[in-house]
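Q: The following block contains the structure, expressed as structure tokens.
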Amino acid sequence: MLHIRFTAEDMSRVRFAPRPSPVPELHAALLMLGAPHEGLLFGRWRGRLLRTLPGAAEPLGELVPGGAAPRFLDVLGGTREEGFALIRSARPEFVRSELARVYAGQGPVPPWVRALHRGDAAAWDTLDRAQRAAHETVLAPVWPQVQDLHRAEFTRYALTAAEQGLAAALAAVAPGSRLRDGVWEWPSAPSAPSARSALEAPEARNARAARAAREVRLGGRGLVLLPTFHWRGGPLVQDLPDRPVVLAYPAGGGLPPAPEPRGARSEDGGLAAALGRTRAAVLRALAEPRTTTDLARRTGIGNATASAHAAALRAAGLITTTRTGRSVHHEQTPLGMLVVGTTP
């Protein structure tokens, strides 16, 4: 069981990551490579990646002896380059203390990890190459699908929060969870994979902690919700001093994202799955200002239906409505543009 304790201040500091974050998603995918209990759904995916993952990625496994990962790998970043830069910018004393912590009692330390402990530039280059090699093989081919899935999850959360409130939105993130008296209670998580996998990801430490009762106190730092579409276990928690707590939770349809055949992408992508096809069409049609009548004509629905969909999208912060005389005009907000993947 996981308990996340909110202060009154934290209630206004819950935010949903507006975009997927490549480094946590990559680490979640690597973690799933060592999850034999998911063989039925992830078996073919795992077999393909283990056959194609280059040797340059192997140092990542040497950073998680005994399943414990150094916390300087716990970063976000909106792009791959931002995430890698955040890892490399970690304070030297933090890097040293974390490497010492994860290798305590774990036997011989690989030479390149010793060099990383000293701050050697060549060792950082080794880590950078490993991250890039893994990213190109594991994540880059499916990144468009991850982006679509994230937009759909983002929109689903925004609509639930707007229509039913924060408690309902958080409960929808994790079926079986509930927000009660300032505590978000998560159900027990599934067992984590064996820590012996050579490619076990940085989140292994968090996955093991989620198996047992755990309490996270936000203390006014706030909470960032980050869906991940490769990990199928319990929540993965980044809980570092003086930073918002980041909670990565399993989302999506239960199968790992797969590259789509050329020309197979639909206009709505995952947006229709989150909003419903009609409401997704309404949101897309509002890339330019339209009256309710024009919107109804554009989407092939009645005026009353168009007005009802517009009200729901407005409540979620995805569109604005402006009245000029007897005319009412609707258009996407910057958030709505982000959700549908258009440029503000």
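Chain identifiers are assigned as A, B, and so on, following the order in which chains appear in the structure tokens; residues are numbered from 1 within each chain, and ligands are numbered from 1 in order of appearance.
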Which residues come within 8 Å of Val138 of chain A, counting only C-alpha atoms, excluding same-chain residues fewer than 4 positions away, as a PyMOL selection string?

A: chain A and resi 26+29+49+53+134+142

Q: Take the residues from that selection and put them in a file with N, CA and C atoms, as an mmCIF file, in the first residue's frame.

A:
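Output saved as again31.cif:
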data_model
loop_
_atom_site.group_PDB
_atom_site.id
_atom_site.type_symbol
_atom_site.label_atom_id
_atom_site.label_comp_id
_atom_site.auth_asym_id
_atom_site.auth_seq_id
_atom_site.Cartn_x
_atom_site.Cartn_y
_atom_site.Cartn_z
ATOM 1 N N LEU A 26 11.971 5.763 -20.926
ATOM 2 C CA LEU A 26 13.022 4.819 -21.310
ATOM 3 C C LEU A 26 13.353 3.893 -20.159
ATOM 4 N N ALA A 29 10.721 1.316 -19.673
ATOM 5 C CA ALA A 29 10.806 0.262 -20.683
ATOM 6 C C ALA A 29 11.916 -0.724 -20.354
ATOM 7 N N LEU A 49 13.598 -6.737 -28.331
ATOM 8 C CA LEU A 49 14.537 -5.740 -27.837
ATOM 9 C C LEU A 49 15.837 -6.372 -27.344
ATOM 10 N N LEU A 53 19.113 -4.815 -28.779
ATOM 11 C CA LEU A 53 19.727 -3.802 -27.914
ATOM 12 C C LEU A 53 21.247 -3.865 -28.055
ATOM 13 N N ALA A 134 20.314 2.933 -25.872
ATOM 14 C CA ALA A 134 19.057 2.335 -25.425
ATOM 15 C C ALA A 134 17.870 3.113 -25.977
ATOM 16 N N VAL A 142 8.890 4.170 -31.219
ATOM 17 C CA VAL A 142 7.486 4.230 -30.786
ATOM 18 C C VAL A 142 7.126 5.585 -30.174
#

Q: With DSSP run on the backbone, what are the strand (DSSP E) residues within segment 82-281 of chain A? I'd like them as a ChimeraX atom specification.

A: /A:178-180,183-186,214-217,223-228,236-238,245-250

Q: Skipping near chain neighbours, those fewer than 2 positions away, what residues fall within 9 Å of Ser307 of chain A using only C-alpha atoms, listed as a list in words?

A: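 Near neighbours after the sequence-gap exclusion: Thr292, Thr293, Leu295, Ala296, Gly302, Asn303, Ala304, Thr305, His309, Ala310, Ala311 and Ala312 of chain A.
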
Q: Segment 112-120 of chain A: which residues within 12 Å, counting only C-alpha atoms, same-chain residues fewer than 4 positions away excluded, as a PyMOL selection string?

A: chain A and resi 58-65+70+88-103+108+124-128

Q: Can you write out the residues you just picked, keeping N, CA, C and O atoms, as a compact mmCIF listing (two decimals), in the first residue's frame?

A:
# COMPACT_ATOMS: atom_id res chain seq x y z
N GLU A 58 24.83 -1.71 -22.26
CA GLU A 58 25.05 -2.57 -21.10
C GLU A 58 25.47 -1.84 -19.83
O GLU A 58 25.11 -2.27 -18.73
N PRO A 59 26.24 -0.74 -19.91
CA PRO A 59 26.61 -0.05 -18.66
C PRO A 59 25.41 0.37 -17.81
O PRO A 59 25.56 0.55 -16.59
N LEU A 60 24.23 0.54 -18.41
CA LEU A 60 23.07 0.93 -17.61
C LEU A 60 22.77 -0.11 -16.55
O LEU A 60 22.36 0.22 -15.43
N GLY A 61 22.95 -1.38 -16.88
CA GLY A 61 22.72 -2.43 -15.90
C GLY A 61 23.70 -2.40 -14.75
O GLY A 61 23.37 -2.80 -13.63
N GLU A 62 24.92 -1.90 -15.01
CA GLU A 62 25.94 -1.86 -13.96
C GLU A 62 25.70 -0.73 -12.98
O GLU A 62 26.38 -0.65 -11.95
N LEU A 63 24.74 0.13 -13.26
CA LEU A 63 24.40 1.20 -12.32
C LEU A 63 23.35 0.78 -11.31
O LEU A 63 23.00 1.56 -10.43
N VAL A 64 22.82 -0.43 -11.44
CA VAL A 64 21.76 -0.86 -10.53
C VAL A 64 22.12 -2.19 -9.86
O VAL A 64 21.38 -3.16 -9.94
N PRO A 65 23.25 -2.28 -9.16
CA PRO A 65 23.60 -3.53 -8.48
C PRO A 65 22.59 -3.84 -7.40
O PRO A 65 22.19 -2.98 -6.63
N PRO A 70 21.03 4.70 -8.48
CA PRO A 70 21.39 6.03 -7.97
C PRO A 70 20.33 7.05 -8.32
O PRO A 70 19.85 7.10 -9.46
N ARG A 88 23.51 14.72 -16.21
CA ARG A 88 24.93 15.10 -16.18
C ARG A 88 25.19 16.31 -15.30
O ARG A 88 26.32 16.52 -14.83
N SER A 89 24.16 17.12 -15.05
CA SER A 89 24.34 18.31 -14.22
C SER A 89 24.19 18.03 -12.73
O SER A 89 24.25 18.98 -11.93
N ALA A 90 24.01 16.79 -12.34
CA ALA A 90 23.86 16.46 -10.92
C ALA A 90 25.09 16.91 -10.13
O ALA A 90 26.23 16.86 -10.63
N ARG A 91 24.89 17.35 -8.92
CA ARG A 91 26.00 17.79 -8.08
C ARG A 91 26.99 16.65 -7.85
O ARG A 91 26.57 15.52 -7.57
N PRO A 92 28.28 16.91 -7.96
CA PRO A 92 29.28 15.84 -7.79
C PRO A 92 29.14 15.09 -6.47
O PRO A 92 29.27 13.86 -6.43
N GLU A 93 28.85 15.80 -5.39
CA GLU A 93 28.73 15.13 -4.10
C GLU A 93 27.50 14.22 -4.07
O GLU A 93 27.50 13.18 -3.40
N PHE A 94 26.44 14.61 -4.80
CA PHE A 94 25.24 13.77 -4.87
C PHE A 94 25.53 12.50 -5.67
O PHE A 94 25.13 11.41 -5.28
N VAL A 95 26.25 12.65 -6.78
CA VAL A 95 26.63 11.48 -7.58
C VAL A 95 27.48 10.52 -6.74
O VAL A 95 27.23 9.31 -6.72
N ARG A 96 28.46 11.05 -6.04
CA ARG A 96 29.35 10.19 -5.24
C ARG A 96 28.59 9.47 -4.14
O ARG A 96 28.75 8.26 -3.94
N SER A 97 27.72 10.21 -3.44
CA SER A 97 26.99 9.58 -2.34
C SER A 97 26.03 8.52 -2.84
O SER A 97 25.86 7.46 -2.20
N GLU A 98 25.40 8.74 -3.98
CA GLU A 98 24.45 7.77 -4.52
C GLU A 98 25.16 6.52 -5.04
O GLU A 98 24.68 5.40 -4.86
N LEU A 99 26.30 6.69 -5.70
CA LEU A 99 27.05 5.52 -6.16
C LEU A 99 27.55 4.70 -4.97
O LEU A 99 27.52 3.46 -4.99
N ALA A 100 27.99 5.39 -3.93
CA ALA A 100 28.44 4.68 -2.73
C ALA A 100 27.27 3.93 -2.09
O ALA A 100 27.43 2.80 -1.60
N ARG A 101 26.10 4.53 -2.10
CA ARG A 101 24.94 3.89 -1.48
C ARG A 101 24.54 2.63 -2.22
O ARG A 101 24.31 1.58 -1.60
N VAL A 102 24.45 2.70 -3.56
CA VAL A 102 23.94 1.54 -4.29
C VAL A 102 24.96 0.41 -4.36
O VAL A 102 24.58 -0.75 -4.53
N TYR A 103 26.25 0.73 -4.22
CA TYR A 103 27.26 -0.32 -4.30
C TYR A 103 27.69 -0.84 -2.94
O TYR A 103 28.51 -1.76 -2.86
N PRO A 108 32.58 -6.14 -6.28
CA PRO A 108 33.47 -5.31 -7.10
C PRO A 108 32.70 -4.23 -7.86
O PRO A 108 31.61 -4.45 -8.36
N TRP A 124 31.36 9.80 -17.81
CA TRP A 124 30.08 10.42 -18.15
C TRP A 124 29.75 10.17 -19.62
O TRP A 124 28.58 9.97 -19.98
N ASP A 125 30.76 10.17 -20.47
CA ASP A 125 30.52 9.87 -21.88
C ASP A 125 30.03 8.43 -22.05
O ASP A 125 29.17 8.16 -22.91
N THR A 126 30.56 7.51 -21.25
CA THR A 126 30.11 6.11 -21.31
C THR A 126 28.62 6.02 -20.96
O THR A 126 27.85 5.34 -21.64
N LEU A 127 28.23 6.73 -19.89
CA LEU A 127 26.82 6.73 -19.50
C LEU A 127 25.96 7.37 -20.58
O LEU A 127 24.87 6.88 -20.91
N ASP A 128 26.43 8.46 -21.15
CA ASP A 128 25.67 9.15 -22.19
C ASP A 128 25.47 8.24 -23.39
O ASP A 128 24.35 8.16 -23.95

Q: Would you mind listing what lies within 10 Å of Asp242 of chain A as number ranges by chain, with only C-alpha atoms counted and same-chain residues fewer than 5 positions away left out?

A: A: 219-221

Q: Would you work out the distance separating atom CA of Ala123 of chain A from atom CA of Glu81 of chain A, expressed in Å to one decimal?

A: 17.9 Å
